[in-house]
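Content type PDB, C-alpha atoms, pLDDT in the B column, from the file coords36.pdb:
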ATOM      1  CA  LEU Y  24     -85.242-121.310  71.629  1.00 66.00           C
ATOM      2  CA  ALA Y  25     -81.760-120.479  72.775  1.00 74.00           C
ATOM      3  CA  PRO Y  26     -79.379-123.463  72.853  1.00 78.00           C
ATOM      4  CA  ALA Y  27     -79.319-123.617  76.654  1.00 82.00           C
ATOM      5  CA  ILE Y  28     -83.094-123.475  77.098  1.00 90.00           C
ATOM      6  CA  ARG Y  29     -85.041-126.715  77.436  1.00 93.00           C
ATOM      7  CA  VAL Y  30     -88.818-126.880  77.710  1.00 96.00           C
ATOM      8  CA  ASN Y  31     -90.424-129.845  79.447  1.00 98.00           C
ATOM      9  CA  THR Y  32     -93.517-130.355  81.560  1.00 98.00           C
ATOM     10  CA  VAL Y  33     -94.193-132.356  84.683  1.00 98.00           C
ATOM     11  CA  SER Y  34     -97.751-133.646  84.889  1.00 97.00           C
ATOM     12  CA  PRO Y  35     -98.481-134.965  88.360  1.00 96.00           C
ATOM     13  CA  GLY Y  36    -101.219-137.467  88.910  1.00 93.00           C
ATOM     14  CA  THR Y  37    -103.004-137.886  92.200  1.00 92.00           C
ATOM     15  CA  ILE Y  38    -100.753-136.502  94.915  1.00 94.00           C
ATOM     16  CA  ASN Y  39    -101.387-136.995  98.622  1.00 94.00           C
ATOM     17  CA  THR Y  40    -103.207-133.927  99.949  1.00 90.00           C
ATOM     18  CA  PRO Y  41    -106.095-133.521 102.403  1.00 89.00           C
ATOM     19  CA  MET Y  42    -108.504-133.036  99.472  1.00 89.00           C
ATOM     20  CA  ILE Y  43    -107.338-136.243  97.788  1.00 90.00           C
ATOM     21  CA  GLU Y  44    -107.646-138.197 101.030  1.00 88.00           C
ATOM     22  CA  ASP Y  45    -111.332-137.210 101.176  1.00 89.00           C
ATOM     23  CA  LEU Y  46    -111.887-138.185  97.535  1.00 89.00           C
ATOM     24  CA  LEU Y  47    -110.199-141.555  98.030  1.00 88.00           C
ATOM     25  CA  ARG Y  48    -112.436-142.308 101.007  1.00 88.00           C
ATOM     26  CA  GLN Y  49    -115.469-141.625  98.814  1.00 91.00           C
ATOM     27  CA  ASP Y  50    -114.429-143.646  95.747  1.00 88.00           C
ATOM     28  CA  GLY Y  51    -114.329-147.033  97.497  1.00 82.00           C
ATOM     29  CA  GLY Y  52    -110.797-147.906  96.336  1.00 82.00           C
ATOM     30  CA  LYS Y  53    -111.512-147.625  92.604  1.00 88.00           C
ATOM     31  CA  PHE Y  54    -108.679-145.172  92.016  1.00 86.00           C
ATOM     32  CA  LEU Y  55    -106.058-147.259  93.781  1.00 90.00           C
ATOM     33  CA  ASP Y  56    -107.243-150.372  91.941  1.00 90.00           C
ATOM     34  CA  ALA Y  57    -106.723-148.542  88.619  1.00 90.00           C
ATOM     35  CA  THR Y  58    -103.221-147.367  89.541  1.00 91.00           C
ATOM     36  CA  PRO Y  59    -100.451-149.943  89.002  1.00 94.00           C
ATOM     37  CA  ALA Y  60     -98.417-148.421  91.865  1.00 95.00           C
ATOM     38  CA  GLY Y  61    -101.420-149.049  94.140  1.00 93.00           C
ATOM     39  CA  ARG Y  62    -101.032-145.753  95.978  1.00 94.00           C
ATOM     40  CA  VAL Y  63    -101.084-141.994  95.564  1.00 94.00           C
ATOM     41  CA  GLY Y  64     -97.873-140.075  95.016  1.00 96.00           C
ATOM     42  CA  SER Y  65     -96.120-137.594  97.243  1.00 97.00           C
ATOM     43  CA  ALA Y  66     -95.126-134.008  96.600  1.00 96.00           C
ATOM     44  CA  GLU Y  67     -91.529-135.110  97.171  1.00 98.00           C
ATOM     45  CA  GLU Y  68     -91.772-137.591  94.282  1.00 98.00           C
ATOM     46  CA  VAL Y  69     -92.925-134.829  91.945  1.00 98.00           C
ATOM     47  CA  ALA Y  70     -90.206-132.505  93.261  1.00 98.00           C
ATOM     48  CA  ASN Y  71     -87.597-135.186  92.537  1.00 99.00           C
ATOM     49  CA  VAL Y  72     -88.619-135.204  88.873  1.00 99.00           C
ATOM     50  CA  VAL Y  73     -88.432-131.400  88.728  1.00 98.00           C
ATOM     51  CA  ALA Y  74     -84.982-131.479  90.356  1.00 99.00           C
ATOM     52  CA  PHE Y  75     -83.834-134.044  87.796  1.00 99.00           C
ATOM     53  CA  LEU Y  76     -85.067-131.883  84.923  1.00 98.00           C
ATOM     54  CA  CYS Y  77     -83.174-128.908  86.379  1.00 96.00           C
ATOM     55  CA  SER Y  78     -79.961-130.910  86.600  1.00 97.00           C
ATOM     56  CA  GLY Y  79     -77.346-131.592  83.983  1.00 95.00           C
ATOM     57  CA  ALA Y  80     -78.370-135.262  84.030  1.00 98.00           C
ATOM     58  CA  SER Y  81     -81.363-134.338  81.861  1.00 96.00           C
ATOM     59  CA  SER Y  82     -79.454-132.168  79.375  1.00 93.00           C
ATOM     60  CA  TYR Y  83     -80.723-134.134  76.349  1.00 94.00           C
ATOM     61  CA  ILE Y  84     -84.368-134.186  77.427  1.00 96.00           C
ATOM     62  CA  VAL Y  85     -86.276-131.519  75.502  1.00 95.00           C
ATOM     63  CA  GLY Y  86     -89.959-131.143  74.689  1.00 96.00           C
ATOM     64  CA  GLU Y  87     -91.187-133.934  76.929  1.00 98.00           C
ATOM     65  CA  ALA Y  88     -94.235-134.288  79.149  1.00 97.00           C
ATOM     66  CA  ILE Y  89     -93.290-136.451  82.111  1.00 98.00           C
ATOM     67  CA  HIS Y  90     -96.271-138.017  83.842  1.00 97.00           C
ATOM     68  CA  VAL Y  91     -95.717-138.708  87.536  1.00 98.00           C
ATOM     69  CA  ASN Y  92     -98.835-140.767  88.202  1.00 96.00           C
ATOM     70  CA  GLY Y  93     -97.869-144.233  89.401  1.00 95.00           C
ATOM     71  CA  GLY Y  94     -98.780-145.734  86.037  1.00 94.00           C
ATOM     72  CA  TYR Y  95    -102.390-144.530  86.152  1.00 91.00           C
ATOM     73  CA  TYR Y  96    -102.502-143.995  82.374  1.00 85.00           C
ATOM     74  CA  MET Y  97    -101.457-147.629  81.886  1.00 81.00           C
ATOM     75  CA  GLY Y  98    -104.317-149.020  83.968  1.00 56.00           C
TER      76      GLY Y  98
END
Rewrite the structure from the file as structure tokens, please.
Amino acid sequence: LAPAIRVNTVSPGTINTPMIEDLLRQDGGKFLDATPAGRVGSAEEVANVVAFLCSGASSYIVGEAIHVNGGYYMG
């Protein structure tokens, strides 16, 4: 890669959408119980991570997968 090119990924978890709202109604709260944040995320929260990665503040972050999932993988 060229010196100024950084490659990272953003892996969103469950983000608030009409489809997710229907799924959450059907699962009886199991998902929220398994998520340390206790809620679904917002598109804005994912966008904030993308904006950070596009900024100079993340200039030393390369080759990372950033999971934006409220801690779901911890649960």
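CA of Asp50 (chain Y) to CA of Asn92 (chain Y) spans 17.6 Å [interatomic distance, one decimal].
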With distances taken over all atoms listed in the file, which of Y:Val91, Y:Met97, Y:Leu76, Y:Ala70 is nearest to Thr37 (chain Y)? Y:Val91
Just want the 12 Å neighbourhood of region 24-35 of chain Y, counted on only C-alpha atoms, with same-chain residues fewer than 5 positions away dropped. Output as an NGL selection string. :Y and (63-79 or 81-96)
Could you take the residues named above and write them with C-alpha atoms, as a short mmCIF file (atom, residue, chain, number, x, y, z; two decimals), in the frame of the given file?
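Resulting contents of selection-v3.cif:
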data_model
loop_
_atom_site.label_atom_id
_atom_site.label_comp_id
_atom_site.auth_asym_id
_atom_site.auth_seq_id
_atom_site.Cartn_x
_atom_site.Cartn_y
_atom_site.Cartn_z
CA VAL Y 63 -101.08 -141.99 95.56
CA GLY Y 64 -97.87 -140.07 95.02
CA SER Y 65 -96.12 -137.59 97.24
CA ALA Y 66 -95.13 -134.01 96.60
CA GLU Y 67 -91.53 -135.11 97.17
CA GLU Y 68 -91.77 -137.59 94.28
CA VAL Y 69 -92.92 -134.83 91.94
CA ALA Y 70 -90.21 -132.50 93.26
CA ASN Y 71 -87.60 -135.19 92.54
CA VAL Y 72 -88.62 -135.20 88.87
CA VAL Y 73 -88.43 -131.40 88.73
CA ALA Y 74 -84.98 -131.48 90.36
CA PHE Y 75 -83.83 -134.04 87.80
CA LEU Y 76 -85.07 -131.88 84.92
CA CYS Y 77 -83.17 -128.91 86.38
CA SER Y 78 -79.96 -130.91 86.60
CA GLY Y 79 -77.35 -131.59 83.98
CA SER Y 81 -81.36 -134.34 81.86
CA SER Y 82 -79.45 -132.17 79.38
CA TYR Y 83 -80.72 -134.13 76.35
CA ILE Y 84 -84.37 -134.19 77.43
CA VAL Y 85 -86.28 -131.52 75.50
CA GLY Y 86 -89.96 -131.14 74.69
CA GLU Y 87 -91.19 -133.93 76.93
CA ALA Y 88 -94.24 -134.29 79.15
CA ILE Y 89 -93.29 -136.45 82.11
CA HIS Y 90 -96.27 -138.02 83.84
CA VAL Y 91 -95.72 -138.71 87.54
CA ASN Y 92 -98.84 -140.77 88.20
CA GLY Y 93 -97.87 -144.23 89.40
CA GLY Y 94 -98.78 -145.73 86.04
CA TYR Y 95 -102.39 -144.53 86.15
CA TYR Y 96 -102.50 -144.00 82.37
#
Using only the atoms of region 27-30 of chain Y listed in the file, plus 3 Å on each side, state the axis-aligned box centre and edge lengths in Å rounded to one decimal, as JSON.
{"center_x": -84.1, "center_y": -125.2, "center_z": 77.2, "size_x": 15.5, "size_y": 9.4, "size_z": 7.1}
Within 8 Å of (-104.4, -140.4, 97.2), all atoms listed in the file: residues as an NGL selection string? :Y and (37-40 or 43-44 or 46-47 or 55 or 62-64)
Taking the partial coordinates given, rebuild region 82-97 of chain Y to contain N, CA and C atoms; return it as an mmCIF file, keeping the file's coordinate frame.
data_model
loop_
_atom_site.group_PDB
_atom_site.id
_atom_site.type_symbol
_atom_site.label_atom_id
_atom_site.label_comp_id
_atom_site.auth_asym_id
_atom_site.auth_seq_id
_atom_site.Cartn_x
_atom_site.Cartn_y
_atom_site.Cartn_z
ATOM 1 N N SER Y 82 -79.814 -133.159 80.393
ATOM 2 C CA SER Y 82 -79.454 -132.168 79.375
ATOM 3 C C SER Y 82 -79.943 -132.506 77.969
ATOM 4 N N TYR Y 83 -80.257 -133.751 77.683
ATOM 5 C CA TYR Y 83 -80.723 -134.134 76.349
ATOM 6 C C TYR Y 83 -82.231 -134.389 76.316
ATOM 7 N N ILE Y 84 -82.916 -134.039 77.373
ATOM 8 C CA ILE Y 84 -84.368 -134.186 77.427
ATOM 9 C C ILE Y 84 -84.984 -132.831 77.101
ATOM 10 N N VAL Y 85 -85.677 -132.774 75.972
ATOM 11 C CA VAL Y 85 -86.276 -131.519 75.502
ATOM 12 C C VAL Y 85 -87.649 -131.826 74.916
ATOM 13 N N GLY Y 86 -88.627 -131.018 75.281
ATOM 14 C CA GLY Y 86 -89.959 -131.143 74.689
ATOM 15 C C GLY Y 86 -90.759 -132.332 75.190
ATOM 16 N N GLU Y 87 -90.500 -132.764 76.388
ATOM 17 C CA GLU Y 87 -91.187 -133.934 76.929
ATOM 18 C C GLU Y 87 -92.214 -133.561 77.985
ATOM 19 N N ALA Y 88 -93.248 -134.368 78.064
ATOM 20 C CA ALA Y 88 -94.235 -134.288 79.149
ATOM 21 C C ALA Y 88 -94.014 -135.530 80.001
ATOM 22 N N ILE Y 89 -93.579 -135.326 81.219
ATOM 23 C CA ILE Y 89 -93.290 -136.451 82.111
ATOM 24 C C ILE Y 89 -94.452 -136.597 83.086
ATOM 25 N N HIS Y 90 -95.109 -137.739 82.999
ATOM 26 C CA HIS Y 90 -96.271 -138.017 83.842
ATOM 27 C C HIS Y 90 -95.808 -138.732 85.107
ATOM 28 N N VAL Y 91 -96.084 -138.132 86.239
ATOM 29 C CA VAL Y 91 -95.717 -138.708 87.536
ATOM 30 C C VAL Y 91 -97.027 -139.150 88.180
ATOM 31 N N ASN Y 92 -97.494 -140.355 87.797
ATOM 32 C CA ASN Y 92 -98.835 -140.767 88.202
ATOM 33 C C ASN Y 92 -98.938 -142.231 88.617
ATOM 34 N N GLY Y 93 -97.824 -142.851 88.935
ATOM 35 C CA GLY Y 93 -97.869 -144.233 89.401
ATOM 36 C C GLY Y 93 -98.367 -145.221 88.369
ATOM 37 N N GLY Y 94 -98.314 -144.852 87.096
ATOM 38 C CA GLY Y 94 -98.780 -145.734 86.037
ATOM 39 C C GLY Y 94 -100.268 -145.644 85.759
ATOM 40 N N TYR Y 95 -100.934 -144.635 86.293
ATOM 41 C CA TYR Y 95 -102.390 -144.530 86.152
ATOM 42 C C TYR Y 95 -102.837 -144.602 84.695
ATOM 43 N N TYR Y 96 -102.096 -143.980 83.782
ATOM 44 C CA TYR Y 96 -102.502 -143.995 82.374
ATOM 45 C C TYR Y 96 -102.350 -145.373 81.744
ATOM 46 N N MET Y 97 -101.608 -146.262 82.392
ATOM 47 C CA MET Y 97 -101.457 -147.629 81.886
ATOM 48 C C MET Y 97 -102.651 -148.497 82.249
#
